[in-house]
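Note sheet for the following structure.
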Amino acid sequence: TIICDKKVRYAMKLKEISRIRTGAVLSRLNGSGKEVRAITLKALDADGCLDCNSFETVVVDVKAKDDYFAQVGDVLIRLTAPYRATVISEENAGAVVSSHYGIIRCKESINSWYLFWWLKQNRDLFYKEASGSVLLGTISSNVIAEIPIKVIPFDQQKKIAELIQTSRREKELVIKLIELRNKLVNSAVKTIVL
């Protein structure tokens with residue numbers, strides 16, 4: 001444990017503040033059970049947002065482990081470059097997580113959105129530990145477990161989480177506004193031309 005200043009309690013390894021596992025190999029889950037959504041590589045964008053329209057649908061055995069299903073607050077990280085993370089929301093909870101992701105379940109001392117921010121800021125740590133080439137390098141759940149994280153007081157983590165979520169909502173609103181404006185412009189142009 002590294003003692004830092006008063007604001008930062010100490011640096012810990014990720015395995016000390018969370019439970020980490022790899023997602024499911026989807027072909028092994030195939031069964032005659034229920035149909036569920038699956039989070040695969042194409043569902044995660046560069047900003048760490050999941051696109052529900054890009055989820056795949058798979059039929060899984062009813063006895064599939066709950067550990068493979070996304071829970072609210074889980075942090076997923078791609079196990080191949082580029083290493084991107086995301087936080088599971090209520091909208092995405094219940095989807096099965098493919099083996100392309102590491103699933104990080106935070107303990108009470110760590111805020112999921114703070115962890116998301118930390119991983120995004122320290123992505124170079126994954127590139128240093130990856131096996132294979134820079135472009136195709138892969139990491140394992142063991143590599144994720146050893147990543148150091150500064151644990152700051154929980155109220156400060158919460159402030160960071162609120163800032164990130166507010167920024168994300170603002171970006172979504174701006175994108176929707178641009179899309180709406182484009183539709184209005186196209187509609188107006190059509191009335192002039194036709």
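Note on naming: chains are A, B, ... as they come in the structure tokens, residues start from 1 per chain, ligands start from 1 in the order shown.
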
Test item, helix (DSSP H, G or I) assignment across stretch 85-122 of chain A, answer as a short mmCIF file (atom, residue, chain, number, x, y, z; two decimals) with N, CA and C atoms, in the first residue's frame:
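Final output, saved to selection.cif:
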data_model
loop_
_atom_site.label_atom_id
_atom_site.label_comp_id
_atom_site.auth_asym_id
_atom_site.auth_seq_id
_atom_site.Cartn_x
_atom_site.Cartn_y
_atom_site.Cartn_z
N SER A 112 -18.46 2.97 -9.55
CA SER A 112 -18.26 2.42 -10.90
C SER A 112 -17.84 3.49 -11.90
N TRP A 113 -18.46 4.65 -11.81
CA TRP A 113 -18.13 5.72 -12.76
C TRP A 113 -16.74 6.29 -12.50
N TYR A 114 -16.32 6.32 -11.24
CA TYR A 114 -14.95 6.74 -10.93
C TYR A 114 -13.96 5.73 -11.52
N LEU A 115 -14.26 4.45 -11.36
CA LEU A 115 -13.40 3.41 -11.93
C LEU A 115 -13.35 3.53 -13.45
N PHE A 116 -14.50 3.76 -14.08
CA PHE A 116 -14.56 3.98 -15.52
C PHE A 116 -13.61 5.11 -15.92
N TRP A 117 -13.70 6.23 -15.21
CA TRP A 117 -12.84 7.39 -15.50
C TRP A 117 -11.36 7.01 -15.32
N TRP A 118 -11.06 6.31 -14.23
CA TRP A 118 -9.67 5.93 -13.94
C TRP A 118 -9.10 5.04 -15.05
N LEU A 119 -9.87 4.07 -15.48
CA LEU A 119 -9.42 3.16 -16.54
C LEU A 119 -9.19 3.92 -17.84
N LYS A 120 -10.08 4.86 -18.13
CA LYS A 120 -9.96 5.66 -19.35
C LYS A 120 -8.69 6.52 -19.32
N GLN A 121 -8.40 7.08 -18.16
CA GLN A 121 -7.22 7.94 -18.01
C GLN A 121 -5.92 7.15 -18.02
#

Residue list (strand (DSSP E or B), DSSP) for stretch 120-160 of chain A, as a list in words: Ser131, Thr138, Pro148, Ile149, Lys150 and Val151 of chain A

Top pick for closest residue to A:Phe154, considering A:Val59, A:Ile103, A:Ile110, A:Ile88 and counting only C-alpha atoms: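 Checking each candidate against A:Phe154, we get A:Ile110 as the closest.
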
Contacts of A:Glu146 within 9 Å, only C-alpha atoms, excl. fewer than 3 positions in-chain, as an MDAnalysis selection string: chainID A and resid 12:15 141:143

Spatial neighbours of A:Ile39, max dist 7 Å, only C-alpha atoms, sep filter under 4 positions, as a ChimeraX atom specification: /A:43,55-56,95-98

Shortest interatomic distance to A:Arg37 - which of A:Ile17, A:Gln71, A:Gly94, A:Arg78, counting only C-alpha atoms: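 Of all the options, A:Gly94 lies closest to A:Arg37.
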